[in-house]
Amino acid sequence: VIHQVNKGVSSARNAGLAVAKGQYIGFVDADDVLNTKMYEVLITNIKKHHADISICGVKRISPDKVQFFGGNKTIKVYNRDEGITGLFGGEILLSNYDKIYKRETVQGIYFAPDLSIFEDAYYNFEALKAANKTVYDDSILYDYMIRDNSLSQAAFNQKNMKPLLLTRNIVNICENELPHHVDEAKAFDFNINMINLNMILVESSKAHDKEYRIIKENLLHYADFYKGGRFVSKRYKYGYTLFRFSPFLYSSILKFYSALTKSEHINRKKNTQ
C-alpha cells in the first residue's frame with residue numbers, strides 16, 4: 001500500500017506505476033463494478049494474440065441512462081497504426097479502466113500529473129504508439145459508474161482547458177513522428193475543442209469569456225480543415241459551420257437540444273446550482 005498526500009488521480013496512478021513489478025498494468029475506478037472474469041479474459045487474449053494491450057467492452061451507467069460500448073461478441077486485432085486510428089476515431093475508448101497493458105511496453109509512460117480529466121486519453125495515445133499489437137474483445141466486462149458528483153459530471157472550469165494543451169501536443173507529435181496520423185490528430189483536437197465550446201455555451205459564455213475566446217481562436221485554426229476533415233465528427237462539422245454563421249443562433253439551438261435530450265452538458269450545469 002502506498003501512502004501519499006492527495007495529489008489527484010494522475011499522481012496516484014504514477015506512484016503505482018513507479019513501483020509496479022507485475023507482467024501487466026491495469027487501472028480501476030473505485031466506484032466501478034468488474035465482471036469476475038474480466039482480467040481472465042483480458043490476460044487470455046493478450047497472450048493468445050501476442051498483444052501489448054488488451055481491451056474489453058464497457059457499460060457506462062449514469063444517473064439517467066445506460067450506454068453500451070461493445071456487446072457484439074467480436075474480437076478485433078489492431079496493429080500499431082490501426083490502434084492509434086481506433087483511439088482517434090472513438091472505436092477504442094479513451095479510458096484506462098477497460099484495458100490491461102504489458103508492463104514492458106508501457107515502461108516509462110506516465111500520466112500528466114496536473115490532470116484530473118482527460119488523463120486517460122494522453123496515456124493511451126502514448127501506450128498505443130508504443131504497442132505493436134492491440135486486441136479488443138468487446139464483451140461487456142466493466143461497469144463504469146457515473147455519479148452526480150463525479151469529476152466527469154462537474155461543471156466547466158479551468159481544468160477543462162488543460163486537455164486542450166495535450167490534444168495540441170498530440171498534433172505536434174504526429175506532425176513530427178506519425179505524419180500519416182496528422183489529419184486524425186487534428187480532427188481529434190477539433191472535436192475536443194468543440195466539446196468544450198458546447199459546455200461553455202450551455203452554461204454561459206460570459207462567465208467563461210477568457211476560455212471562450214481561446215477556444216474560438218483554436219477552432220479558427222481549423223477553418224480551412226474541418227469541412228473536408230475525414231475524421232471530424234459530423235455533428236461538430238455542422239455545428240461549427242452554424243456557429244461561424246451565428247454564435248447566438250448556434251448557442252440557442254444547442255441549449256434547446258441539450259434540454260430536450262437531457263444531455264450531460266445540462267447535468268453539469270445543474271450540478272453547480
# chains A, B, ... in the order shown; residues from 1 in each chain; ligands from 1
call {"tool": "select_by_dssp", "arguments": {"residues": "stretch 106-262 of chain A", "states": "alpha helix (DSSP H)", "output": "ChimeraX atom specification"}}
result
/A:106,119-130,162-177,182-203,209-220,234-245,247-261
call {"tool": "write_last_selection", "arguments": {"atoms": "C-alpha atoms", "output": "CSV table (one decimal), in the first residue's frame"}}
result
chain,number,residue,atom,x,y,z
A,106,VAL,CA,4.4,1.0,-21.3
A,119,GLU,CA,-5.6,12.0,-18.3
A,120,ASP,CA,-6.5,8.6,-19.7
A,121,ALA,CA,-6.5,9.8,-23.4
A,122,TYR,CA,-2.9,11.0,-23.4
A,123,TYR,CA,-1.7,7.9,-21.7
A,124,ASN,CA,-3.5,5.7,-24.2
A,125,PHE,CA,-2.0,7.6,-27.1
A,126,GLU,CA,1.5,7.1,-25.8
A,127,ALA,CA,0.7,3.4,-25.0
A,128,LEU,CA,-0.7,2.7,-28.4
A,129,LYS,CA,2.2,4.4,-30.0
A,130,ALA,CA,4.5,2.0,-28.2
A,162,LYS,CA,-5.7,21.7,-19.8
A,163,PRO,CA,-6.6,18.8,-22.0
A,164,LEU,CA,-6.5,21.2,-25.0
A,165,LEU,CA,-2.8,21.6,-24.5
A,166,LEU,CA,-2.4,17.9,-24.7
A,167,THR,CA,-4.5,17.5,-27.8
A,168,ARG,CA,-2.5,20.2,-29.5
A,169,ASN,CA,0.7,18.4,-28.3
A,170,ILE,CA,-0.6,15.2,-29.9
A,171,VAL,CA,-1.0,17.0,-33.2
A,172,ASN,CA,2.6,18.2,-32.9
A,173,ILE,CA,3.8,14.7,-32.1
A,174,CYS,CA,2.0,13.3,-35.1
A,175,GLU,CA,3.4,16.0,-37.3
A,176,ASN,CA,7.0,15.0,-36.2
A,177,GLU,CA,6.7,11.3,-35.7
A,182,VAL,CA,-1.8,14.1,-38.6
A,183,ASP,CA,-5.4,14.6,-40.1
A,184,GLU,CA,-6.8,12.2,-37.4
A,185,ALA,CA,-5.0,14.2,-34.7
A,186,LYS,CA,-6.2,17.5,-36.0
A,187,ALA,CA,-9.8,16.2,-36.1
A,188,PHE,CA,-9.4,14.9,-32.5
A,189,ASP,CA,-8.2,18.3,-31.4
A,190,PHE,CA,-11.0,20.0,-33.2
A,191,ASN,CA,-13.6,17.7,-31.7
A,192,ILE,CA,-12.3,18.2,-28.2
A,193,ASN,CA,-12.4,22.0,-28.6
A,194,MET,CA,-16.0,21.7,-29.8
A,195,ILE,CA,-16.9,19.7,-26.7
A,196,ASN,CA,-15.5,22.4,-24.5
A,197,LEU,CA,-17.2,25.1,-26.6
A,198,ASN,CA,-20.6,23.4,-26.1
A,199,MET,CA,-20.0,23.1,-22.4
A,200,ILE,CA,-19.3,26.8,-22.2
A,201,LEU,CA,-22.2,27.9,-24.3
A,202,VAL,CA,-24.7,25.8,-22.4
A,203,GLU,CA,-23.5,27.3,-19.1
A,209,ASP,CA,-15.2,34.7,-21.5
A,210,LYS,CA,-11.5,34.1,-21.4
A,211,GLU,CA,-11.8,30.4,-22.1
A,212,TYR,CA,-14.5,31.1,-24.8
A,213,ARG,CA,-12.1,33.4,-26.7
A,214,ILE,CA,-9.2,30.9,-26.5
A,215,ILE,CA,-11.4,28.1,-27.9
A,216,LYS,CA,-12.8,30.3,-30.7
A,217,GLU,CA,-9.2,31.0,-31.7
A,218,ASN,CA,-8.2,27.4,-31.5
A,219,LEU,CA,-11.1,26.4,-33.8
A,220,LEU,CA,-10.4,29.2,-36.2
A,234,LYS,CA,-20.3,15.3,-38.5
A,235,ARG,CA,-22.3,16.9,-35.7
A,236,TYR,CA,-19.3,19.1,-34.8
A,237,LYS,CA,-18.7,19.8,-38.5
A,238,TYR,CA,-22.3,21.1,-39.0
A,239,GLY,CA,-22.3,22.7,-35.6
A,240,TYR,CA,-19.1,24.7,-36.2
A,241,THR,CA,-20.5,25.8,-39.6
A,242,LEU,CA,-23.6,27.2,-37.8
A,243,PHE,CA,-21.5,28.7,-35.0
A,244,ARG,CA,-19.4,30.6,-37.5
A,245,PHE,CA,-22.6,31.9,-39.2
A,247,PRO,CA,-22.8,32.1,-32.5
A,248,PHE,CA,-26.1,33.3,-30.9
A,249,LEU,CA,-28.3,31.0,-33.1
A,250,TYR,CA,-26.0,28.0,-32.5
A,251,SER,CA,-26.0,28.6,-28.8
A,252,SER,CA,-29.8,28.9,-28.7
A,253,ILE,CA,-30.3,25.6,-30.7
A,254,LEU,CA,-27.6,23.9,-28.6
A,255,LYS,CA,-29.3,24.8,-25.3
A,256,PHE,CA,-32.7,23.7,-26.6
A,257,TYR,CA,-31.4,20.4,-27.9
A,258,SER,CA,-29.4,19.8,-24.7
A,259,ALA,CA,-32.5,20.3,-22.6
A,260,LEU,CA,-34.6,18.2,-24.9
A,261,THR,CA,-32.2,15.2,-24.8
call {"tool": "residues_around", "arguments": {"residues": "A:Lys102", "least_positions_apart": "3", "cutoff": "8 Å", "atoms": "only C-alpha atoms", "output": "number ranges by chain"}}
result
A: 23-25, 52-53, 105-106
call {"tool": "write_last_selection", "arguments": {"atoms": "N, CA, C and O atoms", "output": "JSON list (two decimals), in the first residue's frame"}}
result
[["chain", "number", "residue", "atom", "x", "y", "z"],
["A", 23, "GLN", "N", 3.56, -8.44, -14.60],
["A", 23, "GLN", "CA", 3.71, -8.53, -16.05],
["A", 23, "GLN", "C", 2.76, -7.58, -16.77],
["A", 23, "GLN", "O", 3.05, -7.12, -17.87],
["A", 24, "TYR", "N", 1.61, -7.25, -16.10],
["A", 24, "TYR", "CA", 0.60, -6.41, -16.73],
["A", 24, "TYR", "C", 0.21, -5.26, -15.81],
["A", 24, "TYR", "O", 0.30, -5.36, -14.59],
["A", 25, "ILE", "N", -0.25, -4.17, -16.44],
["A", 25, "ILE", "CA", -0.72, -2.99, -15.72],
["A", 25, "ILE", "C", -2.21, -2.81, -16.00],
["A", 25, "ILE", "O", -2.66, -2.92, -17.14],
["A", 52, "ASP", "N", 0.17, -6.31, -26.94],
["A", 52, "ASP", "CA", 0.74, -5.45, -25.90],
["A", 52, "ASP", "C", -0.35, -4.80, -25.05],
["A", 52, "ASP", "O", -0.10, -4.40, -23.92],
["A", 53, "ILE", "N", -1.54, -4.67, -25.62],
["A", 53, "ILE", "CA", -2.68, -4.09, -24.92],
["A", 53, "ILE", "C", -3.90, -4.97, -25.18],
["A", 53, "ILE", "O", -4.10, -5.44, -26.30],
["A", 105, "THR", "N", 5.91, -2.87, -22.25],
["A", 105, "THR", "CA", 5.54, -1.99, -23.37],
["A", 105, "THR", "C", 5.35, -0.54, -22.91],
["A", 105, "THR", "O", 5.73, 0.40, -23.61],
["A", 106, "VAL", "N", 4.74, -0.36, -21.74],
["A", 106, "VAL", "CA", 4.43, 1.00, -21.26],
["A", 106, "VAL", "C", 5.43, 1.49, -20.23],
["A", 106, "VAL", "O", 5.19, 2.50, -19.56]]
call {"tool": "closest_residue", "arguments": {"among": "A:Ile100, A:Val28, A:Leu34, A:Ile92", "to": "A:Arg13", "atoms": "only C-alpha atoms"}}
result
A:Val28
call {"tool": "closest_residue", "arguments": {"among": "A:Val5, A:Gln67, A:Tyr222, A:Lys21", "to": "A:Gln107", "atoms": "only C-alpha atoms"}}
result
A:Lys21
call {"tool": "select_by_dssp", "arguments": {"residues": "stretch 107-266 of chain A", "states": "strand (DSSP E or B)", "output": "PDB file with C-alpha atoms, in the first residue's frame"}}
result
ATOM      1  CA  LYS A 133      -0.443  -5.081 -31.397  1.00  0.00           C
ATOM      2  CA  THR A 134      -3.704  -4.467 -29.529  1.00  0.00           C
ATOM      3  CA  VAL A 135      -6.610  -6.890 -29.090  1.00  0.00           C
ATOM      4  CA  TYR A 136     -10.190  -5.779 -28.399  1.00  0.00           C
ATOM      5  CA  ASP A 137     -12.775  -8.290 -27.163  1.00  0.00           C
ATOM      6  CA  ASP A 138     -15.969  -6.245 -26.989  1.00  0.00           C
ATOM      7  CA  SER A 139     -17.655  -8.459 -24.384  1.00  0.00           C
ATOM      8  CA  ILE A 140     -19.132  -6.157 -21.697  1.00  0.00           C
ATOM      9  CA  LEU A 141     -16.983  -6.884 -18.658  1.00  0.00           C
ATOM     10  CA  TYR A 142     -16.718  -3.495 -16.928  1.00  0.00           C
ATOM     11  CA  ASP A 143     -19.464  -1.289 -15.457  1.00  0.00           C
ATOM     12  CA  TYR A 144     -18.386   2.346 -15.274  1.00  0.00           C
ATOM     13  CA  MET A 145     -20.460   4.259 -12.729  1.00  0.00           C
TER      14      MET A 145
END
call {"tool": "closest_residue", "arguments": {"among": "A:Ala51, A:Ala30, A:Leu42, A:Ile146", "to": "A:Pro63", "atoms": "only C-alpha atoms"}}
result
A:Ile146
call {"tool": "atom_distance", "arguments": {"atom1": "atom CA of A:Leu87", "atom2": "atom CA of A:Gly26"}}
result
17.8 Å
call {"tool": "residues_around", "arguments": {"residues": "A:Ile43", "least_positions_apart": "4", "cutoff": "9 Å", "atoms": "only C-alpha atoms", "output": "PDB file with N, CA and C atoms, in the first residue's frame"}}
result
ATOM      1  N   TYR A  24       1.608  -7.253 -16.104  1.00  0.00           N
ATOM      2  CA  TYR A  24       0.602  -6.409 -16.732  1.00  0.00           C
ATOM      3  C   TYR A  24       0.206  -5.260 -15.809  1.00  0.00           C
ATOM      4  N   MET A  38     -13.260 -10.627 -15.923  1.00  0.00           N
ATOM      5  CA  MET A  38     -12.688  -9.580 -16.764  1.00  0.00           C
ATOM      6  C   MET A  38     -11.188  -9.760 -16.997  1.00  0.00           C
ATOM      7  N   TYR A  39     -10.431  -9.856 -15.920  1.00  0.00           N
ATOM      8  CA  TYR A  39      -8.978  -9.949 -16.091  1.00  0.00           C
ATOM      9  C   TYR A  39      -8.553 -11.290 -16.663  1.00  0.00           C
ATOM     10  N   LYS A  47      -2.311 -12.888 -24.293  1.00  0.00           N
ATOM     11  CA  LYS A  47      -1.378 -13.993 -24.534  1.00  0.00           C
ATOM     12  C   LYS A  47      -1.659 -14.677 -25.869  1.00  0.00           C
ATOM     13  N   LYS A  48      -2.918 -14.952 -26.122  1.00  0.00           N
ATOM     14  CA  LYS A  48      -3.320 -15.681 -27.328  1.00  0.00           C
ATOM     15  C   LYS A  48      -2.918 -14.931 -28.591  1.00  0.00           C
ATOM     16  N   SER A  54      -4.701  -5.193 -24.128  1.00  0.00           N
ATOM     17  CA  SER A  54      -5.925  -5.983 -24.257  1.00  0.00           C
ATOM     18  C   SER A  54      -7.094  -5.162 -23.712  1.00  0.00           C
ATOM     19  N   ILE A 100      -5.775  -3.717 -20.136  1.00  0.00           N
ATOM     20  CA  ILE A 100      -4.528  -4.045 -19.459  1.00  0.00           C
ATOM     21  C   ILE A 100      -3.399  -3.816 -20.458  1.00  0.00           C
TER      22      ILE A 100
END
call {"tool": "closest_residue", "arguments": {"among": "A:Ser116, A:Ser95, A:Ser204, A:Asn72", "to": "A:Ala12", "atoms": "only C-alpha atoms"}}
result
A:Ser116
call {"tool": "atom_distance", "arguments": {"atom1": "atom CA of A:Gly89", "atom2": "atom CA of A:Met161"}}
result
21.2 Å
call {"tool": "atom_distance", "arguments": {"atom1": "atom CA of A:Ile75", "atom2": "atom CA of A:Arg103"}}
result
22.2 Å
call {"tool": "decode", "arguments": {"residues": "stretch 165-182 of chain A", "atoms": "N, CA and C atoms", "output": "PDB file, in the first residue's frame"}}
result
ATOM      1  N   LEU A 165      -4.271  21.574 -24.265  1.00  0.00           N
ATOM      2  CA  LEU A 165      -2.816  21.649 -24.474  1.00  0.00           C
ATOM      3  C   LEU A 165      -2.279  20.288 -24.891  1.00  0.00           C
ATOM      4  N   LEU A 166      -2.869  19.224 -24.330  1.00  0.00           N
ATOM      5  CA  LEU A 166      -2.424  17.876 -24.676  1.00  0.00           C
ATOM      6  C   LEU A 166      -2.862  17.485 -26.077  1.00  0.00           C
ATOM      7  N   THR A 167      -4.093  17.831 -26.455  1.00  0.00           N
ATOM      8  CA  THR A 167      -4.544  17.467 -27.803  1.00  0.00           C
ATOM      9  C   THR A 167      -3.730  18.222 -28.852  1.00  0.00           C
ATOM     10  N   ARG A 168      -3.345  19.459 -28.532  1.00  0.00           N
ATOM     11  CA  ARG A 168      -2.484  20.207 -29.455  1.00  0.00           C
ATOM     12  C   ARG A 168      -1.102  19.570 -29.513  1.00  0.00           C
ATOM     13  N   ASN A 169      -0.620  19.086 -28.363  1.00  0.00           N
ATOM     14  CA  ASN A 169       0.682  18.417 -28.324  1.00  0.00           C
ATOM     15  C   ASN A 169       0.650  17.114 -29.120  1.00  0.00           C
ATOM     16  N   ILE A 170      -0.489  16.407 -29.070  1.00  0.00           N
ATOM     17  CA  ILE A 170      -0.640  15.182 -29.859  1.00  0.00           C
ATOM     18  C   ILE A 170      -0.528  15.500 -31.351  1.00  0.00           C
ATOM     19  N   VAL A 171      -1.113  16.620 -31.769  1.00  0.00           N
ATOM     20  CA  VAL A 171      -0.986  17.040 -33.172  1.00  0.00           C
ATOM     21  C   VAL A 171       0.490  17.261 -33.510  1.00  0.00           C
ATOM     22  N   ASN A 172       1.213  17.942 -32.625  1.00  0.00           N
ATOM     23  CA  ASN A 172       2.635  18.206 -32.866  1.00  0.00           C
ATOM     24  C   ASN A 172       3.439  16.915 -32.953  1.00  0.00           C
ATOM     25  N   ILE A 173       3.124  15.960 -32.074  1.00  0.00           N
ATOM     26  CA  ILE A 173       3.825  14.676 -32.092  1.00  0.00           C
ATOM     27  C   ILE A 173       3.577  13.958 -33.415  1.00  0.00           C
ATOM     28  N   CYS A 174       2.330  13.968 -33.856  1.00  0.00           N
ATOM     29  CA  CYS A 174       2.001  13.300 -35.122  1.00  0.00           C
ATOM     30  C   CYS A 174       2.687  13.981 -36.298  1.00  0.00           C
ATOM     31  N   GLU A 175       2.769  15.294 -36.263  1.00  0.00           N
ATOM     32  CA  GLU A 175       3.448  16.013 -37.347  1.00  0.00           C
ATOM     33  C   GLU A 175       4.918  15.636 -37.422  1.00  0.00           C
ATOM     34  N   ASN A 176       5.537  15.354 -36.276  1.00  0.00           N
ATOM     35  CA  ASN A 176       6.963  15.033 -36.235  1.00  0.00           C
ATOM     36  C   ASN A 176       7.267  13.548 -36.359  1.00  0.00           C
ATOM     37  N   GLU A 177       6.361  12.700 -35.815  1.00  0.00           N
ATOM     38  CA  GLU A 177       6.666  11.270 -35.745  1.00  0.00           C
ATOM     39  C   GLU A 177       5.710  10.377 -36.531  1.00  0.00           C
ATOM     40  N   LEU A 178       4.472  10.834 -36.672  1.00  0.00           N
ATOM     41  CA  LEU A 178       3.429   9.992 -37.278  1.00  0.00           C
ATOM     42  C   LEU A 178       2.671  10.788 -38.341  1.00  0.00           C
ATOM     43  N   PRO A 179       3.343  11.184 -39.412  1.00  0.00           N
ATOM     44  CA  PRO A 179       2.714  12.088 -40.390  1.00  0.00           C
ATOM     45  C   PRO A 179       1.417  11.565 -40.999  1.00  0.00           C
ATOM     46  N   HIS A 180       1.267  10.233 -41.104  1.00  0.00           N
ATOM     47  CA  HIS A 180       0.042   9.675 -41.679  1.00  0.00           C
ATOM     48  C   HIS A 180      -1.132   9.714 -40.700  1.00  0.00           C
ATOM     49  N   HIS A 181      -0.892  10.172 -39.461  1.00  0.00           N
ATOM     50  CA  HIS A 181      -1.976  10.316 -38.482  1.00  0.00           C
ATOM     51  C   HIS A 181      -2.300  11.787 -38.201  1.00  0.00           C
ATOM     52  N   VAL A 182      -1.679  12.703 -38.942  1.00  0.00           N
ATOM     53  CA  VAL A 182      -1.847  14.135 -38.648  1.00  0.00           C
ATOM     54  C   VAL A 182      -3.304  14.572 -38.782  1.00  0.00           C
TER      55      VAL A 182
END
